[in-house]
>>> print(open('work_12.cif').read())   # mmCIF, N, CA and C atoms
data_entry
#
loop_
_atom_site.label_atom_id
_atom_site.label_comp_id
_atom_site.auth_asym_id
_atom_site.auth_seq_id
_atom_site.Cartn_x
_atom_site.Cartn_y
_atom_site.Cartn_z
N MET A 1 -72.93 -191.21 20.14
CA MET A 1 -71.90 -190.34 20.64
C MET A 1 -71.78 -190.57 22.14
N ILE A 2 -70.56 -190.61 22.66
CA ILE A 2 -70.35 -190.80 24.09
C ILE A 2 -69.84 -189.49 24.68
N ILE A 3 -70.57 -188.98 25.68
CA ILE A 3 -70.20 -187.75 26.38
C ILE A 3 -70.21 -188.05 27.86
N ASN A 4 -69.07 -187.81 28.52
CA ASN A 4 -68.94 -188.07 29.95
C ASN A 4 -69.39 -189.48 30.31
N GLY A 5 -69.05 -190.43 29.44
CA GLY A 5 -69.37 -191.82 29.72
C GLY A 5 -70.81 -192.21 29.42
N LEU A 6 -71.62 -191.27 28.92
CA LEU A 6 -73.01 -191.55 28.61
C LEU A 6 -73.21 -191.54 27.10
N VAL A 7 -73.96 -192.49 26.61
CA VAL A 7 -74.27 -192.51 25.19
C VAL A 7 -75.41 -191.53 24.95
N GLN A 8 -75.19 -190.59 24.05
CA GLN A 8 -76.21 -189.59 23.75
C GLN A 8 -76.37 -189.48 22.24
N GLU A 9 -77.59 -189.31 21.81
CA GLU A 9 -77.85 -189.07 20.40
C GLU A 9 -77.47 -187.62 20.10
N LYS A 10 -76.66 -187.41 19.08
CA LYS A 10 -76.22 -186.07 18.73
C LYS A 10 -77.43 -185.20 18.40
N ASN A 11 -77.50 -184.05 19.05
CA ASN A 11 -78.55 -183.07 18.83
C ASN A 11 -79.95 -183.60 19.13
N ALA A 12 -80.09 -184.62 19.97
CA ALA A 12 -81.42 -185.10 20.34
C ALA A 12 -82.16 -183.98 21.03
N LYS A 13 -83.43 -183.77 20.62
CA LYS A 13 -84.21 -182.67 21.18
C LYS A 13 -85.53 -183.18 21.71
N ASP A 14 -86.07 -182.44 22.67
CA ASP A 14 -87.38 -182.80 23.21
C ASP A 14 -88.48 -182.23 22.32
N ASP A 15 -89.71 -182.41 22.72
CA ASP A 15 -90.85 -181.98 21.91
C ASP A 15 -90.93 -180.47 21.71
N ASN A 16 -90.26 -179.70 22.57
CA ASN A 16 -90.25 -178.24 22.44
C ASN A 16 -89.02 -177.71 21.70
N GLY A 17 -88.16 -178.63 21.26
CA GLY A 17 -86.98 -178.23 20.51
C GLY A 17 -85.74 -177.98 21.34
N TYR A 18 -85.82 -178.22 22.66
CA TYR A 18 -84.65 -178.03 23.52
C TYR A 18 -83.73 -179.24 23.41
N ILE A 19 -82.43 -178.98 23.41
CA ILE A 19 -81.46 -180.06 23.37
C ILE A 19 -81.58 -180.86 24.66
N ASN A 20 -81.74 -182.17 24.52
CA ASN A 20 -81.84 -183.04 25.70
C ASN A 20 -80.48 -183.12 26.38
N ILE A 21 -80.49 -182.84 27.65
CA ILE A 21 -79.29 -182.98 28.46
C ILE A 21 -79.67 -183.69 29.75
N LYS A 22 -78.70 -184.37 30.32
CA LYS A 22 -78.90 -184.98 31.63
C LYS A 22 -78.56 -183.90 32.65
N VAL A 23 -79.53 -183.51 33.45
CA VAL A 23 -79.32 -182.43 34.41
C VAL A 23 -78.86 -183.01 35.75
N LYS A 24 -77.66 -182.61 36.13
CA LYS A 24 -77.10 -182.98 37.42
C LYS A 24 -77.07 -181.73 38.30
N LYS A 25 -77.07 -181.93 39.59
CA LYS A 25 -76.96 -180.79 40.51
C LYS A 25 -75.51 -180.31 40.48
N LEU A 26 -75.31 -179.13 39.91
CA LEU A 26 -73.97 -178.56 39.78
C LEU A 26 -73.73 -177.38 40.70
N ILE A 27 -74.81 -176.71 41.12
CA ILE A 27 -74.65 -175.53 41.97
C ILE A 27 -75.65 -175.56 43.11
N GLU A 28 -75.30 -174.86 44.17
CA GLU A 28 -76.22 -174.55 45.26
C GLU A 28 -76.56 -173.08 45.11
N TRP A 29 -77.80 -172.76 45.02
CA TRP A 29 -78.20 -171.35 44.86
C TRP A 29 -78.99 -170.95 46.07
N ASN A 30 -78.38 -170.15 46.92
CA ASN A 30 -79.01 -169.74 48.17
C ASN A 30 -79.29 -168.25 48.23
N GLU A 31 -79.19 -167.57 47.10
CA GLU A 31 -79.49 -166.14 47.11
C GLU A 31 -81.00 -165.96 47.29
N PRO A 32 -81.41 -164.95 48.04
CA PRO A 32 -82.83 -164.82 48.41
C PRO A 32 -83.79 -164.51 47.27
N ASN A 33 -83.28 -163.97 46.18
CA ASN A 33 -84.17 -163.53 45.12
C ASN A 33 -84.66 -164.65 44.21
N GLY A 34 -84.02 -165.78 44.16
CA GLY A 34 -84.49 -166.89 43.34
C GLY A 34 -83.43 -167.41 42.41
N GLU A 35 -83.79 -168.50 41.72
CA GLU A 35 -82.79 -169.21 40.94
C GLU A 35 -83.09 -169.32 39.45
N VAL A 36 -84.04 -168.56 38.93
CA VAL A 36 -84.28 -168.67 37.50
C VAL A 36 -83.56 -167.57 36.74
N CYS A 37 -83.38 -167.82 35.45
CA CYS A 37 -82.72 -166.86 34.57
C CYS A 37 -83.41 -166.91 33.22
N ILE A 38 -83.11 -165.95 32.38
CA ILE A 38 -83.66 -165.93 31.03
C ILE A 38 -82.52 -166.30 30.08
N VAL A 39 -82.81 -167.25 29.19
CA VAL A 39 -81.79 -167.82 28.33
C VAL A 39 -82.25 -167.83 26.87
N SER A 40 -81.35 -167.44 26.00
CA SER A 40 -81.62 -167.46 24.56
C SER A 40 -81.74 -168.90 24.06
N ASP A 41 -82.64 -169.09 23.11
CA ASP A 41 -82.77 -170.40 22.46
C ASP A 41 -81.51 -170.78 21.69
N ARG A 42 -80.66 -169.82 21.39
CA ARG A 42 -79.40 -170.15 20.72
C ARG A 42 -78.56 -171.05 21.62
N ILE A 43 -78.77 -170.98 22.92
CA ILE A 43 -78.06 -171.85 23.87
C ILE A 43 -78.81 -173.16 24.05
N THR A 44 -80.09 -173.09 24.38
CA THR A 44 -80.85 -174.28 24.78
C THR A 44 -81.41 -175.09 23.62
N LYS A 45 -81.53 -174.47 22.44
CA LYS A 45 -82.06 -175.19 21.27
C LYS A 45 -81.03 -175.38 20.16
N GLU A 46 -80.09 -174.44 20.03
CA GLU A 46 -79.13 -174.51 18.94
C GLU A 46 -77.75 -175.00 19.38
N GLY A 47 -77.51 -175.06 20.70
CA GLY A 47 -76.28 -175.68 21.19
C GLY A 47 -75.07 -174.79 21.32
N TRP A 48 -75.26 -173.49 21.38
CA TRP A 48 -74.12 -172.59 21.62
C TRP A 48 -73.90 -172.44 23.12
N LYS A 49 -72.66 -172.21 23.51
CA LYS A 49 -72.36 -171.86 24.90
C LYS A 49 -72.74 -170.40 25.11
N ALA A 50 -72.86 -170.02 26.37
CA ALA A 50 -73.11 -168.61 26.68
C ALA A 50 -71.89 -167.81 26.24
N GLY A 51 -72.12 -166.76 25.47
CA GLY A 51 -71.04 -165.87 25.04
C GLY A 51 -71.17 -164.50 25.65
N TYR A 52 -72.39 -164.17 26.06
CA TYR A 52 -72.68 -162.87 26.64
C TYR A 52 -73.66 -163.09 27.78
N MET A 53 -73.32 -162.63 28.95
CA MET A 53 -74.20 -162.79 30.10
C MET A 53 -74.16 -161.53 30.95
N TYR A 54 -75.33 -161.14 31.41
CA TYR A 54 -75.38 -159.97 32.28
C TYR A 54 -76.40 -160.21 33.37
N ARG A 55 -76.22 -159.46 34.45
CA ARG A 55 -77.11 -159.60 35.60
C ARG A 55 -77.76 -158.26 35.89
N GLU A 56 -79.07 -158.25 35.77
CA GLU A 56 -79.82 -157.05 36.10
C GLU A 56 -80.54 -157.25 37.42
N LYS A 57 -81.15 -156.19 37.90
CA LYS A 57 -81.90 -156.29 39.15
C LYS A 57 -83.01 -157.33 38.97
N PRO A 58 -83.07 -158.32 39.85
CA PRO A 58 -84.08 -159.37 39.71
C PRO A 58 -85.49 -158.81 39.81
N ASN A 59 -86.38 -159.42 39.06
CA ASN A 59 -87.80 -159.09 39.13
C ASN A 59 -88.35 -159.70 40.40
N SER A 60 -88.81 -158.89 41.32
CA SER A 60 -89.26 -159.38 42.62
C SER A 60 -90.58 -160.15 42.55
N ASP A 61 -91.25 -160.11 41.41
CA ASP A 61 -92.50 -160.87 41.25
C ASP A 61 -92.25 -162.34 40.92
N TYR A 62 -91.00 -162.70 40.65
CA TYR A 62 -90.64 -164.06 40.25
C TYR A 62 -89.40 -164.50 41.03
N PRO A 63 -89.13 -165.79 41.04
CA PRO A 63 -87.89 -166.26 41.69
C PRO A 63 -86.68 -166.03 40.76
N ASP A 64 -86.41 -164.77 40.47
CA ASP A 64 -85.48 -164.34 39.44
C ASP A 64 -84.08 -164.07 40.01
N SER A 65 -83.06 -164.66 39.38
CA SER A 65 -81.68 -164.39 39.78
C SER A 65 -81.16 -163.09 39.17
N GLY A 66 -81.82 -162.64 38.11
CA GLY A 66 -81.37 -161.46 37.40
C GLY A 66 -80.47 -161.77 36.22
N TRP A 67 -80.03 -163.03 36.08
CA TRP A 67 -79.13 -163.40 34.99
C TRP A 67 -79.87 -163.53 33.67
N ARG A 68 -79.22 -163.02 32.60
CA ARG A 68 -79.70 -163.12 31.23
C ARG A 68 -78.52 -163.65 30.42
N LEU A 69 -78.73 -164.75 29.70
CA LEU A 69 -77.64 -165.40 28.99
C LEU A 69 -77.96 -165.54 27.51
N TYR A 70 -76.96 -165.20 26.69
CA TYR A 70 -77.09 -165.22 25.24
C TYR A 70 -75.86 -165.87 24.62
N ALA A 71 -76.01 -166.38 23.41
CA ALA A 71 -74.87 -166.94 22.69
C ALA A 71 -73.87 -165.84 22.35
N GLY A 72 -74.40 -164.67 22.02
CA GLY A 72 -73.52 -163.53 21.77
C GLY A 72 -73.71 -162.87 20.42
N ASP A 73 -74.48 -163.49 19.53
CA ASP A 73 -74.70 -162.88 18.22
C ASP A 73 -76.17 -162.53 17.97
N GLU A 74 -76.99 -162.59 19.02
CA GLU A 74 -78.39 -162.23 18.88
C GLU A 74 -78.51 -160.73 18.68
N ASP A 75 -79.31 -160.33 17.72
CA ASP A 75 -79.54 -158.89 17.54
C ASP A 75 -80.73 -158.46 18.40
N GLU A 76 -81.02 -157.17 18.38
CA GLU A 76 -82.09 -156.62 19.23
C GLU A 76 -83.45 -157.22 18.87
N GLU A 77 -83.70 -157.39 17.58
CA GLU A 77 -84.98 -157.95 17.14
C GLU A 77 -85.16 -159.37 17.68
N TYR A 78 -84.12 -160.19 17.58
CA TYR A 78 -84.17 -161.57 18.09
C TYR A 78 -84.41 -161.55 19.59
N SER A 79 -83.64 -160.75 20.30
CA SER A 79 -83.70 -160.71 21.76
C SER A 79 -85.03 -160.19 22.28
N ASN A 80 -85.67 -159.30 21.54
CA ASN A 80 -86.94 -158.74 21.98
C ASN A 80 -88.14 -159.63 21.67
N ASP A 81 -87.94 -160.68 20.90
CA ASP A 81 -89.03 -161.60 20.59
C ASP A 81 -89.13 -162.61 21.74
N PRO A 82 -90.24 -162.59 22.49
CA PRO A 82 -90.37 -163.50 23.65
C PRO A 82 -90.36 -164.98 23.28
N ASN A 83 -90.50 -165.31 22.01
CA ASN A 83 -90.44 -166.70 21.59
C ASN A 83 -89.01 -167.22 21.47
N ASN A 84 -88.02 -166.33 21.58
CA ASN A 84 -86.62 -166.72 21.41
C ASN A 84 -85.85 -166.85 22.72
N CYS A 85 -86.45 -166.48 23.82
CA CYS A 85 -85.80 -166.56 25.13
C CYS A 85 -86.79 -167.18 26.11
N HIS A 86 -86.27 -168.02 26.99
CA HIS A 86 -87.14 -168.72 27.92
C HIS A 86 -86.53 -168.75 29.32
N VAL A 87 -87.37 -169.04 30.29
CA VAL A 87 -86.97 -169.08 31.69
C VAL A 87 -86.49 -170.49 32.04
N PHE A 88 -85.33 -170.56 32.66
CA PHE A 88 -84.74 -171.82 33.10
C PHE A 88 -84.17 -171.66 34.50
N ALA A 89 -84.06 -172.74 35.22
CA ALA A 89 -83.33 -172.75 36.48
C ALA A 89 -81.84 -172.60 36.17
N LEU A 90 -81.14 -171.83 36.98
CA LEU A 90 -79.70 -171.65 36.78
C LEU A 90 -78.97 -172.98 36.72
N ASN A 91 -79.33 -173.91 37.59
CA ASN A 91 -78.65 -175.20 37.59
C ASN A 91 -78.79 -175.90 36.24
N THR A 92 -79.96 -175.81 35.62
CA THR A 92 -80.16 -176.43 34.31
C THR A 92 -79.25 -175.79 33.28
N VAL A 93 -79.16 -174.46 33.28
CA VAL A 93 -78.30 -173.77 32.32
C VAL A 93 -76.84 -174.13 32.56
N CYS A 94 -76.46 -174.32 33.80
CA CYS A 94 -75.09 -174.74 34.11
C CYS A 94 -74.77 -176.10 33.49
N ASN A 95 -75.77 -176.94 33.33
CA ASN A 95 -75.56 -178.23 32.67
C ASN A 95 -75.37 -178.07 31.17
N TYR A 96 -75.95 -177.04 30.57
CA TYR A 96 -75.68 -176.74 29.17
C TYR A 96 -74.28 -176.16 29.01
N ASP A 97 -73.85 -175.34 29.99
CA ASP A 97 -72.57 -174.64 29.90
C ASP A 97 -71.97 -174.44 31.29
N PRO A 98 -71.24 -175.43 31.81
CA PRO A 98 -70.67 -175.33 33.16
C PRO A 98 -69.65 -174.21 33.34
N GLU A 99 -69.12 -173.66 32.26
CA GLU A 99 -68.11 -172.61 32.37
C GLU A 99 -68.67 -171.31 32.94
N ILE A 100 -69.99 -171.18 33.04
CA ILE A 100 -70.58 -169.97 33.62
C ILE A 100 -70.57 -169.99 35.14
N ILE A 101 -70.40 -171.15 35.74
CA ILE A 101 -70.56 -171.33 37.19
C ILE A 101 -69.73 -170.35 38.03
N PRO A 102 -68.44 -170.16 37.74
CA PRO A 102 -67.65 -169.27 38.61
C PRO A 102 -68.13 -167.82 38.65
N TYR A 103 -68.97 -167.43 37.74
CA TYR A 103 -69.38 -166.03 37.61
C TYR A 103 -70.78 -165.74 38.16
N LEU A 104 -71.50 -166.76 38.57
CA LEU A 104 -72.91 -166.60 38.91
C LEU A 104 -73.19 -165.74 40.14
N HIS A 105 -72.24 -165.63 41.04
CA HIS A 105 -72.47 -164.81 42.23
C HIS A 105 -71.97 -163.38 42.04
N SER A 106 -71.70 -163.00 40.80
CA SER A 106 -71.32 -161.62 40.50
C SER A 106 -72.49 -160.70 40.80
N PRO A 107 -72.20 -159.46 41.16
CA PRO A 107 -73.28 -158.54 41.56
C PRO A 107 -74.15 -158.08 40.40
N VAL A 108 -75.32 -157.56 40.75
CA VAL A 108 -76.20 -156.92 39.78
C VAL A 108 -75.41 -155.84 39.07
N GLY A 109 -75.57 -155.74 37.76
CA GLY A 109 -74.83 -154.78 36.96
C GLY A 109 -73.66 -155.39 36.22
N THR A 110 -73.32 -156.63 36.55
CA THR A 110 -72.23 -157.32 35.88
C THR A 110 -72.61 -157.63 34.44
N CYS A 111 -71.68 -157.42 33.52
CA CYS A 111 -71.88 -157.71 32.10
C CYS A 111 -70.60 -158.37 31.60
N LEU A 112 -70.70 -159.64 31.19
CA LEU A 112 -69.52 -160.44 30.85
C LEU A 112 -69.60 -160.99 29.43
N ILE A 113 -68.42 -161.15 28.81
CA ILE A 113 -68.33 -161.81 27.52
C ILE A 113 -67.33 -162.96 27.62
N ARG A 114 -67.56 -163.99 26.80
CA ARG A 114 -66.63 -165.12 26.73
C ARG A 114 -65.44 -164.72 25.86
N VAL A 115 -64.25 -165.07 26.34
CA VAL A 115 -63.03 -164.90 25.58
C VAL A 115 -62.38 -166.28 25.46
N LYS A 116 -61.25 -166.34 24.80
CA LYS A 116 -60.58 -167.62 24.59
C LYS A 116 -60.34 -168.35 25.91
N GLY A 117 -60.41 -169.67 25.85
CA GLY A 117 -60.13 -170.50 27.01
C GLY A 117 -61.33 -170.69 27.93
N GLY A 118 -62.51 -170.32 27.47
CA GLY A 118 -63.71 -170.52 28.29
C GLY A 118 -63.85 -169.57 29.45
N ARG A 119 -63.04 -168.51 29.45
CA ARG A 119 -63.13 -167.51 30.51
C ARG A 119 -64.09 -166.41 30.11
N PHE A 120 -64.54 -165.68 31.10
CA PHE A 120 -65.37 -164.51 30.88
C PHE A 120 -64.65 -163.29 31.45
N ILE A 121 -64.81 -162.17 30.77
CA ILE A 121 -64.26 -160.92 31.26
C ILE A 121 -65.36 -159.86 31.21
N THR A 122 -65.16 -158.77 31.92
CA THR A 122 -66.10 -157.67 31.87
C THR A 122 -66.13 -157.11 30.45
N ASP A 123 -67.33 -156.91 29.95
CA ASP A 123 -67.50 -156.38 28.60
C ASP A 123 -67.27 -154.87 28.61
N ASP A 124 -66.15 -154.46 28.04
CA ASP A 124 -65.87 -153.02 27.94
C ASP A 124 -65.96 -152.56 26.48
N GLY A 125 -66.41 -153.45 25.61
CA GLY A 125 -66.60 -153.12 24.21
C GLY A 125 -65.35 -153.19 23.35
N THR A 126 -64.22 -153.62 23.93
CA THR A 126 -62.97 -153.63 23.16
C THR A 126 -62.62 -154.99 22.60
N GLN A 127 -63.28 -156.05 23.07
CA GLN A 127 -62.92 -157.40 22.62
C GLN A 127 -64.15 -158.09 22.03
N PRO A 128 -63.92 -158.94 21.04
CA PRO A 128 -65.04 -159.68 20.47
C PRO A 128 -65.47 -160.83 21.38
N ILE A 129 -66.72 -161.22 21.24
CA ILE A 129 -67.23 -162.38 21.95
C ILE A 129 -66.77 -163.63 21.22
N VAL A 130 -66.22 -164.57 21.96
CA VAL A 130 -65.82 -165.85 21.39
C VAL A 130 -67.03 -166.78 21.49
N MET A 131 -67.48 -167.26 20.34
CA MET A 131 -68.64 -168.16 20.31
C MET A 131 -68.14 -169.59 20.13
N GLU A 132 -68.65 -170.48 20.97
CA GLU A 132 -68.28 -171.88 20.92
C GLU A 132 -69.52 -172.74 21.03
N LYS A 133 -69.48 -173.89 20.38
CA LYS A 133 -70.57 -174.86 20.49
C LYS A 133 -70.38 -175.67 21.78
N GLN A 134 -71.48 -176.13 22.34
CA GLN A 134 -71.45 -177.00 23.50
C GLN A 134 -70.85 -178.35 23.09
N SER A 135 -70.29 -179.07 24.05
CA SER A 135 -69.73 -180.38 23.78
C SER A 135 -70.82 -181.31 23.25
N GLY A 136 -70.49 -182.06 22.23
CA GLY A 136 -71.41 -183.04 21.68
C GLY A 136 -72.49 -182.48 20.79
N VAL A 137 -72.42 -181.18 20.51
CA VAL A 137 -73.41 -180.56 19.63
C VAL A 137 -72.72 -180.20 18.34
N GLY A 138 -73.31 -180.61 17.23
CA GLY A 138 -72.70 -180.40 15.93
C GLY A 138 -72.80 -179.01 15.39
#
>>> encode(input="work_12.cif", output="structure tokens")
Amino acid sequence: MIINGLVQEKNAKDDNGYINIKVKKLIEWNEPNGEVCIVSDRITKEGWKAGYMYREKPNSDYPDSGWRLYAGDEDEEYSNDPNNCHVFALNTVCNYDPEIIPYLHSPVGTCLIRVKGGRFITDDGTQPIVMEKQSGVG
């Protein structure tokens, strides 16, 4: 499969089950609290784009941005299992789903859902989350 001019094996995964991606520097993160986020395996292992993302107060014990990203269909049981969500650098997650980039400097308390066209809007509970697969993922 050819993606962005690079030949990639469809759904190639590393030894931990994460989808192999070529990580390029896509963002500069200069916020003082840090650049990591918590991401659902539905994004990094199963190939879904972020469908639901929110920013909580960063944990000051870690280089935490406060961002939490999910595909959008994870239930509470899935989300509460620490084996289903992992810590990643924001730049790495942007390589899985670059459409999140314009929203990353949103303030603490922001809660967004994906809608048609790869846009995100504030989640007010009136619209469904649009779930999409990442490019090149089956």
>>> closest_residue(input="work_12.cif", among="A:Arg114, A:Leu26, A:Gly109, A:Cys37", to="Glu56 (chain A)", atoms="only C-alpha atoms")
A:Gly109
>>> residues_around(input="work_12.cif", residues="Pro32 (chain A)", least_positions_apart="6", cutoff="8 Å", atoms="all atoms listed in the file", output="PDB file with N, CA and C atoms, keeping the file's coordinate frame")
ATOM      1  N   PRO A  63     -89.130-165.790  41.040  1.00  0.00           N
ATOM      2  CA  PRO A  63     -87.890-166.260  41.690  1.00  0.00           C
ATOM      3  C   PRO A  63     -86.680-166.030  40.760  1.00  0.00           C
ATOM      4  N   ASP A  64     -86.410-164.770  40.470  1.00  0.00           N
ATOM      5  CA  ASP A  64     -85.480-164.340  39.440  1.00  0.00           C
ATOM      6  C   ASP A  64     -84.080-164.070  40.010  1.00  0.00           C
ATOM      7  N   SER A  65     -83.060-164.660  39.380  1.00  0.00           N
ATOM      8  CA  SER A  65     -81.680-164.390  39.780  1.00  0.00           C
ATOM      9  C   SER A  65     -81.160-163.090  39.170  1.00  0.00           C
TER      10      SER A  65
END
>>> closest_residue(input="work_12.cif", among="A:Asp41, A:Val23, A:Ala50, A:Glu77", to="Pro98 (chain A)", atoms="all atoms listed in the file")
A:Ala50
>>> resolve_selection(input="work_12.cif", expression="the PyMOL selection byres (((chain A and resi 106 and name CA) around 12) and name CA)", output="PyMOL selection string")
chain A and resi 31+53-57+65-67+100-105+107-112+120-122
>>> select_by_dssp(input="work_12.cif", residues="chain A", states="strand (DSSP E)", output="number ranges by chain")
A: 2-3, 6-7, 36-40, 52-55, 64-70, 85-89, 111-115, 119-122
>>> residues_around(input="work_12.cif", residues="Trp29 (chain A)", least_positions_apart="4", cutoff="8 Å", atoms="all atoms listed in the file", output="list in words")
Gly34, Glu35 and Asn91 of chain A
>>> residues_around(input="work_12.cif", residues="Ile113 (chain A)", least_positions_apart="5", cutoff="12 Å", atoms="only C-alpha atoms", output="CSV table (one decimal) with N, CA and C atoms, keeping the file's coordinate frame")
chain,number,residue,atom,x,y,z
A,49,LYS,N,-72.7,-172.2,23.5
A,49,LYS,CA,-72.4,-171.9,24.9
A,49,LYS,C,-72.7,-170.4,25.1
A,50,ALA,N,-72.9,-170.0,26.4
A,50,ALA,CA,-73.1,-168.6,26.7
A,50,ALA,C,-71.9,-167.8,26.2
A,51,GLY,N,-72.1,-166.8,25.5
A,51,GLY,CA,-71.0,-165.9,25.0
A,51,GLY,C,-71.2,-164.5,25.6
A,52,TYR,N,-72.4,-164.2,26.1
A,52,TYR,CA,-72.7,-162.9,26.6
A,52,TYR,C,-73.7,-163.1,27.8
A,53,MET,N,-73.3,-162.6,29.0
A,53,MET,CA,-74.2,-162.8,30.1
A,53,MET,C,-74.2,-161.5,31.0
A,54,TYR,N,-75.3,-161.1,31.4
A,54,TYR,CA,-75.4,-160.0,32.3
A,54,TYR,C,-76.4,-160.2,33.4
A,69,LEU,N,-78.7,-164.8,29.7
A,69,LEU,CA,-77.6,-165.4,29.0
A,69,LEU,C,-78.0,-165.5,27.5
A,70,TYR,N,-77.0,-165.2,26.7
A,70,TYR,CA,-77.1,-165.2,25.2
A,70,TYR,C,-75.9,-165.9,24.6
A,71,ALA,N,-76.0,-166.4,23.4
A,71,ALA,CA,-74.9,-166.9,22.7
A,71,ALA,C,-73.9,-165.8,22.4
A,72,GLY,N,-74.4,-164.7,22.0
A,72,GLY,CA,-73.5,-163.5,21.8
A,72,GLY,C,-73.7,-162.9,20.4
A,73,ASP,N,-74.5,-163.5,19.5
A,73,ASP,CA,-74.7,-162.9,18.2
A,73,ASP,C,-76.2,-162.5,18.0
A,99,GLU,N,-69.1,-173.7,32.3
A,99,GLU,CA,-68.1,-172.6,32.4
A,99,GLU,C,-68.7,-171.3,32.9
A,100,ILE,N,-70.0,-171.2,33.0
A,100,ILE,CA,-70.6,-170.0,33.6
A,100,ILE,C,-70.6,-170.0,35.1
A,103,TYR,N,-69.0,-167.4,37.7
A,103,TYR,CA,-69.4,-166.0,37.6
A,103,TYR,C,-70.8,-165.7,38.2
A,118,GLY,N,-62.5,-170.3,27.5
A,118,GLY,CA,-63.7,-170.5,28.3
A,118,GLY,C,-63.8,-169.6,29.4
A,119,ARG,N,-63.0,-168.5,29.4
A,119,ARG,CA,-63.1,-167.5,30.5
A,119,ARG,C,-64.1,-166.4,30.1
A,120,PHE,N,-64.5,-165.7,31.1
A,120,PHE,CA,-65.4,-164.5,30.9
A,120,PHE,C,-64.6,-163.3,31.4
A,121,ILE,N,-64.8,-162.2,30.8
A,121,ILE,CA,-64.3,-160.9,31.3
A,121,ILE,C,-65.4,-159.9,31.2
A,122,THR,N,-65.2,-158.8,31.9
A,122,THR,CA,-66.1,-157.7,31.9
A,122,THR,C,-66.1,-157.1,30.4
A,123,ASP,N,-67.3,-156.9,30.0
A,123,ASP,CA,-67.5,-156.4,28.6
A,123,ASP,C,-67.3,-154.9,28.6
A,124,ASP,N,-66.2,-154.5,28.0
A,124,ASP,CA,-65.9,-153.0,27.9
A,124,ASP,C,-66.0,-152.6,26.5
A,125,GLY,N,-66.4,-153.4,25.6
A,125,GLY,CA,-66.6,-153.1,24.2
A,125,GLY,C,-65.4,-153.2,23.4
A,126,THR,N,-64.2,-153.6,23.9
A,126,THR,CA,-63.0,-153.6,23.2
A,126,THR,C,-62.6,-155.0,22.6
A,127,GLN,N,-63.3,-156.0,23.1
A,127,GLN,CA,-62.9,-157.4,22.6
A,127,GLN,C,-64.2,-158.1,22.0
A,128,PRO,N,-63.9,-158.9,21.0
A,128,PRO,CA,-65.0,-159.7,20.5
A,128,PRO,C,-65.5,-160.8,21.4
A,129,ILE,N,-66.7,-161.2,21.2
A,129,ILE,CA,-67.2,-162.4,22.0
A,129,ILE,C,-66.8,-163.6,21.2
A,130,VAL,N,-66.2,-164.6,22.0
A,130,VAL,CA,-65.8,-165.8,21.4
A,130,VAL,C,-67.0,-166.8,21.5
A,131,MET,N,-67.5,-167.3,20.3
A,131,MET,CA,-68.6,-168.2,20.3
A,131,MET,C,-68.1,-169.6,20.1
>>> atom_distance(input="work_12.cif", atom1="CA of Thr44 (chain A)", atom2="atom C of Tyr18 (chain A)")
5.9 Å
>>> select_by_dssp(input="work_12.cif", residues="region 14-129 of chain A", states="alpha helix (DSSP H)", output="list in words")
Asp41, Arg42, Ile43, Thr44, Glu76, Glu77, Tyr78, Ser79, Asn80, Leu90, Asn91, Thr92, Val93, Cys94, Asn95 and Tyr96 of chain A
>>> atom_distance(input="work_12.cif", atom1="CA of Pro58 (chain A)", atom2="atom C of Gln134 (chain A)")
28.5 Å
>>> atom_distance(input="work_12.cif", atom1="CA of Phe88 (chain A)", atom2="CA of Val36 (chain A)")
5.4 Å
>>> axis_aligned_box(input="work_12.cif", around="region 11-19 of chain A", padding_each_side="6 Å", output="lines of an AutoDock Vina configuration file")
center_x = -84.2
center_y = -181.4
center_z = 21.7
size_x = 25.4
size_y = 19.4
size_z = 17.8
>>> resolve_selection(input="work_12.cif", expression="the PyMOL selection byres (((chain A and resi 80-86 and name CA) around 6) and name CA)", output="number ranges by chain")
A: 38-41, 76-79, 87
>>> residues_around(input="work_12.cif", residues="Lys22 (chain A)", least_positions_apart="2", cutoff="8 Å", atoms="all atoms listed in the file", output="PDB file with N, CA and C atoms, in the frame of the given file")
ATOM      1  N   ILE A  19     -82.430-178.980  23.410  1.00  0.00           N
ATOM      2  CA  ILE A  19     -81.460-180.060  23.370  1.00  0.00           C
ATOM      3  C   ILE A  19     -81.580-180.860  24.660  1.00  0.00           C
ATOM      4  N   ASN A  20     -81.740-182.170  24.520  1.00  0.00           N
ATOM      5  CA  ASN A  20     -81.840-183.040  25.700  1.00  0.00           C
ATOM      6  C   ASN A  20     -80.480-183.120  26.380  1.00  0.00           C
ATOM      7  N   LYS A  24     -77.660-182.610  36.130  1.00  0.00           N
ATOM      8  CA  LYS A  24     -77.100-182.980  37.420  1.00  0.00           C
ATOM      9  C   LYS A  24     -77.070-181.730  38.300  1.00  0.00           C
ATOM     10  N   LYS A  25     -77.070-181.930  39.590  1.00  0.00           N
ATOM     11  CA  LYS A  25     -76.960-180.790  40.510  1.00  0.00           C
ATOM     12  C   LYS A  25     -75.510-180.310  40.480  1.00  0.00           C
ATOM     13  N   THR A  92     -79.960-175.810  35.620  1.00  0.00           N
ATOM     14  CA  THR A  92     -80.160-176.430  34.310  1.00  0.00           C
ATOM     15  C   THR A  92     -79.250-175.790  33.280  1.00  0.00           C
ATOM     16  N   ASN A  95     -75.770-176.940  33.330  1.00  0.00           N
ATOM     17  CA  ASN A  95     -75.560-178.230  32.670  1.00  0.00           C
ATOM     18  C   ASN A  95     -75.370-178.070  31.170  1.00  0.00           C
ATOM     19  N   TYR A  96     -75.950-177.040  30.570  1.00  0.00           N
ATOM     20  CA  TYR A  96     -75.680-176.740  29.170  1.00  0.00           C
ATOM     21  C   TYR A  96     -74.280-176.160  29.010  1.00  0.00           C
TER      22      TYR A  96
END
